[in-house]
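Structure file input-v5.csv (CSV, C-alpha atoms) is printed below.
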```
chain,number,residue,atom,x,y,z
A,15,MET,CA,-213.4,5.2,-40.8
A,16,SER,CA,-212.4,6.0,-44.4
A,17,THR,CA,-210.9,9.4,-45.2
A,18,THR,CA,-213.2,11.7,-47.2
A,19,ARG,CA,-213.0,15.2,-48.5
A,20,SER,CA,-214.5,16.5,-45.3
A,21,GLU,CA,-210.9,16.7,-44.1
A,22,VAL,CA,-209.9,18.9,-47.1
A,23,PRO,CA,-212.2,22.0,-46.9
A,24,PHE,CA,-210.8,23.8,-49.9
A,25,ASP,CA,-209.6,21.0,-52.2
A,26,SER,CA,-211.9,20.4,-55.2
A,27,GLY,CA,-210.5,17.1,-56.2
A,28,GLU,CA,-211.6,14.5,-53.7
A,29,MET,CA,-215.1,15.0,-52.4
A,30,VAL,CA,-218.3,13.5,-53.6
A,31,THR,CA,-220.4,16.5,-54.6
A,32,THR,CA,-224.1,17.2,-54.6
A,33,GLU,CA,-224.3,18.4,-58.2
A,34,PRO,CA,-227.4,17.2,-60.0
A,35,GLY,CA,-226.9,14.0,-61.8
A,36,ASP,CA,-224.1,12.6,-59.7
A,37,GLY,CA,-226.2,10.0,-58.0
A,38,LEU,CA,-225.5,11.1,-54.4
A,39,ALA,CA,-229.1,11.8,-53.5
A,40,MET,CA,-230.2,8.4,-55.0
A,41,ASP,CA,-227.4,6.7,-53.1
A,42,GLU,CA,-228.5,8.3,-49.9
A,43,ALA,CA,-232.1,7.2,-50.4
A,44,ARG,CA,-231.0,3.6,-51.0
A,45,CYS,CA,-228.9,3.7,-47.9
A,46,ARG,CA,-231.7,5.1,-45.8
A,47,ALA,CA,-234.0,2.4,-47.1
A,48,ALA,CA,-231.5,-0.4,-46.4
A,49,TYR,CA,-230.6,0.9,-43.0
A,50,ALA,CA,-234.3,1.1,-42.1
A,51,ALA,CA,-234.6,-2.5,-43.1
A,52,GLY,CA,-231.9,-3.5,-40.7
A,53,ASP,CA,-228.7,-3.3,-42.8
A,54,GLU,CA,-226.1,-2.0,-40.4
A,55,ALA,CA,-223.5,-1.6,-43.1
A,56,ALA,CA,-225.8,0.8,-44.9
A,57,GLY,CA,-225.7,3.0,-41.8
A,58,ASP,CA,-222.0,3.4,-42.2
A,59,ARG,CA,-222.3,4.3,-45.8
A,60,LEU,CA,-225.1,6.7,-45.0
A,61,ALA,CA,-223.0,8.4,-42.4
A,62,GLN,CA,-220.2,8.9,-44.9
A,63,LEU,CA,-222.7,10.4,-47.4
A,64,LEU,CA,-224.1,12.7,-44.8
A,65,GLU,CA,-220.6,13.8,-43.9
A,66,CYS,CA,-219.8,14.7,-47.5
A,67,ARG,CA,-223.0,16.6,-47.9
A,68,GLY,CA,-222.6,18.3,-44.6
A,69,TYR,CA,-219.2,19.7,-45.5
A,70,GLU,CA,-220.4,20.7,-49.0
A,71,LEU,CA,-223.2,22.7,-47.3
A,72,LEU,CA,-220.7,24.2,-44.9
A,73,HIS,CA,-218.5,25.2,-47.8
A,74,ILE,CA,-221.3,26.9,-49.8
A,75,GLY,CA,-222.6,28.9,-46.9
A,76,ASP,CA,-225.3,26.8,-45.3
A,77,PRO,CA,-223.8,26.0,-41.9
A,78,HIS,CA,-227.1,25.2,-40.2
A,79,GLY,CA,-227.9,22.6,-42.9
A,80,ALA,CA,-224.3,21.2,-42.5
A,81,GLN,CA,-224.7,20.9,-38.7
A,82,ARG,CA,-228.0,19.0,-39.1
A,83,LEU,CA,-226.4,16.5,-41.5
A,84,LEU,CA,-223.2,16.1,-39.5
A,85,ALA,CA,-225.2,15.6,-36.3
A,86,GLU,CA,-227.2,12.8,-38.0
A,87,ALA,CA,-223.9,11.2,-39.2
A,88,ALA,CA,-222.6,11.3,-35.7
A,89,SER,CA,-225.8,9.7,-34.4
A,90,LEU,CA,-225.6,6.9,-36.9
A,91,VAL,CA,-222.1,5.8,-36.2
A,92,PRO,CA,-220.4,6.0,-32.8
A,93,ASP,CA,-217.2,7.2,-34.3
A,94,ALA,CA,-215.1,9.9,-32.6
A,95,GLU,CA,-214.3,11.6,-35.9
A,96,TYR,CA,-218.0,12.1,-36.8
A,97,HIS,CA,-218.5,13.7,-33.4
A,98,GLN,CA,-215.5,16.0,-34.0
A,99,LEU,CA,-216.8,17.0,-37.4
A,100,HIS,CA,-220.2,17.9,-35.9
A,101,LEU,CA,-218.3,20.0,-33.4
A,102,ILE,CA,-216.5,21.8,-36.2
A,103,ALA,CA,-219.9,22.7,-37.8
A,104,SER,CA,-220.9,24.0,-34.4
A,105,LEU,CA,-218.0,26.5,-34.5
A,106,VAL,CA,-219.8,28.1,-37.5
A,107,THR,CA,-223.4,27.9,-36.4
A,108,GLY,CA,-223.4,28.3,-32.7
A,109,ASP,CA,-223.7,31.2,-30.3
A,110,SER,CA,-220.7,32.2,-28.3
A,111,GLY,CA,-221.4,29.7,-25.6
A,112,SER,CA,-221.7,26.7,-27.9
A,113,VAL,CA,-218.7,27.8,-29.9
A,114,GLU,CA,-216.6,28.0,-26.7
A,115,ALA,CA,-217.9,24.5,-25.7
A,116,ALA,CA,-217.0,23.1,-29.2
A,117,LEU,CA,-213.6,24.7,-29.0
A,118,ARG,CA,-212.8,23.2,-25.6
A,119,ALA,CA,-214.0,19.8,-26.8
A,120,LEU,CA,-211.8,19.9,-29.9
A,121,GLU,CA,-208.8,21.3,-28.1
A,122,ALA,CA,-209.0,18.4,-25.7
A,123,VAL,CA,-208.5,15.9,-28.6
A,124,PRO,CA,-204.9,14.9,-29.2
A,125,ASP,CA,-203.4,16.7,-32.3
A,126,ASP,CA,-203.0,13.4,-34.2
A,127,LEU,CA,-206.6,12.4,-33.6
A,128,ARG,CA,-208.3,15.5,-34.8
A,129,PRO,CA,-209.6,15.8,-38.4
A,130,ALA,CA,-207.2,17.6,-40.6
A,131,ALA,CA,-209.5,20.6,-41.0
A,132,ALA,CA,-210.2,21.1,-37.3
A,133,ASP,CA,-207.3,23.4,-36.5
A,134,PHE,CA,-208.2,25.7,-39.4
A,135,TRP,CA,-211.8,26.0,-38.3
A,136,MET,CA,-210.8,26.4,-34.7
A,137,GLY,CA,-208.5,29.3,-35.8
A,138,THR,CA,-211.3,31.0,-37.7
A,139,ALA,CA,-213.6,30.6,-34.7
A,140,ARG,CA,-211.0,32.1,-32.4
A,141,LEU,CA,-210.7,35.1,-34.8
A,142,ALA,CA,-214.5,35.6,-34.8
A,143,ILE,CA,-214.7,35.7,-31.0
A,144,GLY,CA,-211.8,38.1,-30.7
A,145,ASP,CA,-208.9,35.8,-29.5
A,146,PRO,CA,-206.1,36.5,-32.1
A,147,PRO,CA,-203.3,34.7,-30.1
A,148,ALA,CA,-205.2,31.5,-29.9
A,149,ALA,CA,-206.3,31.9,-33.5
A,150,VAL,CA,-202.7,32.3,-34.7
A,151,ALA,CA,-201.7,29.2,-32.7
A,152,ALA,CA,-204.5,27.1,-34.2
A,153,LEU,CA,-203.7,28.3,-37.8
A,154,ARG,CA,-200.0,27.5,-37.3
A,155,ARG,CA,-201.1,24.0,-36.3
A,156,ALA,CA,-203.2,23.8,-39.4
A,157,VAL,CA,-200.1,24.6,-41.5
A,158,HIS,CA,-197.7,22.3,-39.7
A,159,GLY,CA,-199.9,19.7,-38.1
A,160,VAL,CA,-199.3,16.0,-38.4
A,161,SER,CA,-202.6,15.4,-40.4
A,162,THR,CA,-202.7,18.6,-42.3
A,163,ASP,CA,-203.4,18.4,-46.1
A,164,GLY,CA,-202.0,20.8,-48.6
A,165,SER,CA,-205.3,22.7,-49.2
A,166,THR,CA,-206.0,23.3,-45.5
A,167,ALA,CA,-202.4,24.5,-45.1
A,168,ASP,CA,-202.7,26.9,-48.0
A,169,ALA,CA,-205.8,28.5,-46.5
A,170,ALA,CA,-204.2,28.8,-43.1
A,171,ARG,CA,-201.1,30.4,-44.6
A,172,LEU,CA,-203.2,33.0,-46.3
A,173,LEU,CA,-205.0,33.9,-43.1
A,174,LEU,CA,-201.7,34.1,-41.2
A,175,ALA,CA,-200.2,36.3,-43.8
A,176,LEU,CA,-203.1,38.6,-43.8
A,177,LEU,CA,-203.1,38.8,-40.0
A,178,ASN,CA,-199.4,39.6,-39.9
A,179,ASP,CA,-199.6,42.0,-43.0
A,180,ASP,CA,-196.9,39.7,-44.4
A,181,GLU,CA,-196.6,40.9,-48.1
A,182,PRO,CA,-194.4,38.0,-49.3
A,183,GLY,CA,-196.7,35.6,-47.5
A,184,ILE,CA,-199.8,37.1,-49.1
A,185,ALA,CA,-198.2,36.9,-52.5
A,186,ASP,CA,-197.1,33.3,-52.0
A,187,ALA,CA,-200.5,32.2,-50.7
A,188,ALA,CA,-202.4,34.0,-53.5
A,189,ARG,CA,-200.2,32.3,-56.1
A,190,GLY,CA,-200.9,29.0,-54.4
A,191,LEU,CA,-204.6,29.6,-54.4
A,192,LEU,CA,-204.6,30.3,-58.2
A,193,ARG,CA,-202.3,27.4,-58.9
A,194,ARG,CA,-204.5,25.0,-57.0
A,195,HIS,CA,-207.9,26.3,-58.0
A,196,GLY,CA,-207.5,28.6,-61.0
A,197,ARG,CA,-210.8,30.2,-62.1
A,198,ASP,CA,-212.5,28.8,-59.0
A,199,TRP,CA,-210.1,30.6,-56.5
A,200,ALA,CA,-212.9,32.8,-55.0
A,201,TRP,CA,-215.0,29.7,-54.2
A,202,PHE,CA,-212.1,28.3,-52.2
A,203,CYS,CA,-210.7,31.4,-50.7
A,204,PRO,CA,-211.0,31.6,-46.8
A,205,VAL,CA,-211.6,35.4,-47.0
A,206,THR,CA,-213.8,37.5,-49.3
A,207,PRO,CA,-212.5,38.4,-52.8
A,208,ASP,CA,-212.6,42.0,-51.7
A,209,THR,CA,-210.2,41.3,-48.8
A,210,LEU,CA,-207.7,39.3,-50.9
A,211,ILE,CA,-207.8,41.6,-54.0
A,212,ALA,CA,-207.3,44.7,-51.7
A,213,ALA,CA,-204.3,43.0,-50.1
A,214,ALA,CA,-202.9,41.9,-53.5
A,215,ALA,CA,-203.2,45.4,-54.8
A,216,ARG,CA,-200.8,46.6,-52.1
A,217,THR,CA,-198.4,43.7,-52.7
A,218,ASP,CA,-196.2,44.0,-55.7
A,219,ALA,CA,-195.4,40.3,-56.0
A,220,ALA,CA,-199.0,39.2,-55.7
A,221,PRO,CA,-200.7,37.8,-58.8
A,222,LEU,CA,-203.3,40.6,-59.0
A,223,ASP,CA,-203.9,40.1,-62.7
A,224,GLY,CA,-204.8,36.4,-62.2
A,225,LEU,CA,-207.1,37.1,-59.2
A,226,VAL,CA,-208.9,39.8,-61.2
A,227,HIS,CA,-209.0,37.8,-64.4
A,228,TYR,CA,-210.8,34.9,-62.7
A,229,LEU,CA,-212.9,37.1,-60.4
A,230,PRO,CA,-216.5,35.7,-60.7
A,231,VAL,CA,-219.0,37.9,-62.4
A,232,GLY,CA,-221.1,39.7,-59.7
A,233,SER,CA,-218.4,39.6,-57.0
A,234,GLU,CA,-218.8,42.4,-54.6
A,235,LEU,CA,-215.8,44.7,-54.4
A,236,SER,CA,-215.8,48.0,-52.6
A,237,GLU,CA,-215.1,51.1,-54.7
A,238,LYS,CA,-211.9,51.6,-52.9
A,239,THR,CA,-210.7,48.1,-53.7
A,240,ARG,CA,-211.7,48.5,-57.4
A,241,GLN,CA,-209.7,51.8,-57.6
A,242,GLU,CA,-206.6,50.4,-55.8
A,243,ALA,CA,-206.6,47.2,-57.9
A,244,ALA,CA,-207.1,49.2,-61.1
A,245,ARG,CA,-204.2,51.5,-60.2
A,246,GLY,CA,-202.1,48.4,-59.4
A,247,LEU,CA,-202.9,46.8,-62.7
A,248,ILE,CA,-202.1,50.0,-64.6
A,249,ALA,CA,-198.8,50.3,-62.8
A,250,ARG,CA,-197.9,46.7,-63.6
A,251,ALA,CA,-199.0,47.2,-67.2
A,252,ALA,CA,-196.6,50.2,-67.5
A,253,VAL,CA,-193.7,48.0,-66.2
A,254,ALA,CA,-194.6,45.3,-68.7
A,255,ALA,CA,-194.7,47.7,-71.6
A,256,ALA,CA,-191.3,49.2,-70.6
A,257,GLU,CA,-189.9,45.7,-70.6
A,258,GLY,CA,-191.3,45.0,-74.1
A,259,ARG,CA,-194.0,42.6,-72.8
A,260,LEU,CA,-196.8,44.3,-74.8
A,261,ASP,CA,-199.3,41.5,-74.7
A,262,ALA,CA,-199.1,41.5,-70.9
A,263,ALA,CA,-199.4,45.3,-70.8
A,264,ARG,CA,-202.5,45.2,-72.9
A,265,ALA,CA,-204.1,42.4,-70.8
A,266,GLY,CA,-203.4,44.4,-67.6
A,267,LEU,CA,-205.1,47.5,-69.0
A,268,ARG,CA,-208.1,45.5,-70.1
A,269,LEU,CA,-208.5,44.1,-66.6
A,270,ALA,CA,-208.2,47.6,-65.1
A,271,ARG,CA,-210.9,48.8,-67.4
A,272,ARG,CA,-213.1,45.9,-66.6
A,273,LEU,CA,-212.7,46.6,-62.9
A,274,MET,CA,-213.8,50.2,-63.4
A,275,GLY,CA,-216.8,49.1,-65.5
A,276,GLU,CA,-215.4,50.5,-68.8
A,277,ASP,CA,-215.1,47.1,-70.6
```

Would it be possible to restate this file's structure as structure tokens?
Amino acid sequence: MSTTRSEVPFDSGEMVTTEPGDGLAMDEARCRAAYAAGDEAAGDRLAQLLECRGYELLHIGDPHGAQRLLAEAASLVPDAEYHQLHLIASLVTGDSGSVEAALRALEAVPDDLRPAAADFWMGTARLAIGDPPAAVAALRRAVHGVSTDGSTADAARLLLALLNDDEPGIADAARGLLRRHGRDWAWFCPVTPDTLIAAAARTDAAPLDGLVHYLPVGSELSEKTRQEAARGLIARAAVAAAEGRLDAARAGLRLARRLMGED
């Protein structure tokens, strides 16, 4: 089976997207017609397209739609990886019983045969059901596993740093998120913008200015987070001014005013 972006849940550079005009829906329709006419190779291609679309839906917050597409992909091609990808979607959509069953099934797969993203999603599922030790173990595998990609590792590092209140780790992970995704960081962040900005406001080395600068319009931040982040930006602006970095100081003050609705 060919590698697709489904193995890279937070990397924007490799996956076929479902944006209008990219031809994916048309390609899927052609594959469905060819498969219905008896073309087995079209079934393989259709499964790959469904896999890509499924993970796109999972990423944008439609896990039930993702599960449906991944289940169809798994039914088209008797490939162990498609089945595992369907199990990963079940971690997000299922009740506690089906989540536990999916976790057991995935944990039974040898580390080198699981999709690269599996350990990350297993870690988030363990967090959701209240098993922090197992979550930490899975997230560490996501960082250091044999098939881990850089984007998955970055996301896992951020969660581990937040769980451990590791300020240097939070700062490093936030810088990595901005470096990899820039203005799209909130789209690829494994926690809410409120969670990361609140943590960055408490962490001197974190790139608070970059996170706020690229914060999407309409992002929901609590009043407490807004105030803490604004105070952090003002404090950093004061340091910049004292060091003669006046442009940086002015930029920081503008961001603080924007956070407080004054700009």

* To do: For segment 73-88 of chain A, work out the shell of residues within 9 Å, counting only C-alpha atoms and skipping chain neighbours fewer than 2 positions away, then give it as a PyMOL selection string.
  => chain A and resi 23-24+57-58+60-71+90-104+106-108+201-202

* Pro182 of chain A surroundings by only C-alpha atoms, 12 Å radius, close-in-sequence under 6 positions cut, as a PyMOL selection string -> chain A and resi 171-172+174-176+188-189+213-214+216-221

* Asked: What does the distance from atom CA of Leu105 of chain A to atom CA of His158 of chain A come to in Å, to one decimal?
  -> 21.4 Å

* Using atom CA of Arg268 of chain A and atom CA of Pro204 of chain A as the two end points, give the distance in Å to one decimal. =>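 About the pair atom CA of Arg268 of chain A and atom CA of Pro204 of chain A: they are 27.3 Å apart.
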
* To do: Choose the residue, out of A:Val253, A:Ala212, A:Val226, A:Ala263, that has the smallest atom-to-atom separation from Thr239 of chain A; count all atoms listed in the file.
  =>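 The closest residue to Thr239 of chain A is A:Ala212.
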
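Between atom CA of Ala151 of chain A and atom CA of Ala167 of chain A lies a distance of 13.3 Å.
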
Would you mind listing what lies within 8 Å of Met274 of chain A as a PDB file with C-alpha atoms, in the coordinates of the input, with only C-alpha atoms counted and same-chain residues fewer than 5 positions away left out?
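Output file part-v4.pdb follows:
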```pdb
ATOM      1  CA  ARG A 240    -211.700  48.500 -57.400  1.00  0.00           C
ATOM      2  CA  GLN A 241    -209.700  51.800 -57.600  1.00  0.00           C
ATOM      3  CA  ALA A 244    -207.100  49.200 -61.100  1.00  0.00           C
TER       4      ALA A 244
END
```

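Each of A:Pro207, A:Arg44, A:Tyr49, A:Arg272 was checked against Glu234 of chain A using only C-alpha atoms; the smallest atom-to-atom distance is that of A:Pro207.
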
* Pick from A:Leu247, A:Leu225, A:Ala187, A:Leu235: nearest to Ala265 of chain A, with all atoms listed in the file counted? -> A:Leu247

* Residues near Gly137 of chain A, cut-off 8 Å, only C-alpha atoms, skip fewer than 2 positions along chain, as a ChimeraX atom specification -> /A:133-135,139-141,148-153

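Considering the residues A:Val231, A:Ala132, A:Ala48, A:Leu177 and counting all atoms listed in the file, Val157 of chain A has its shortest atom-to-atom contact with A:Ala132.
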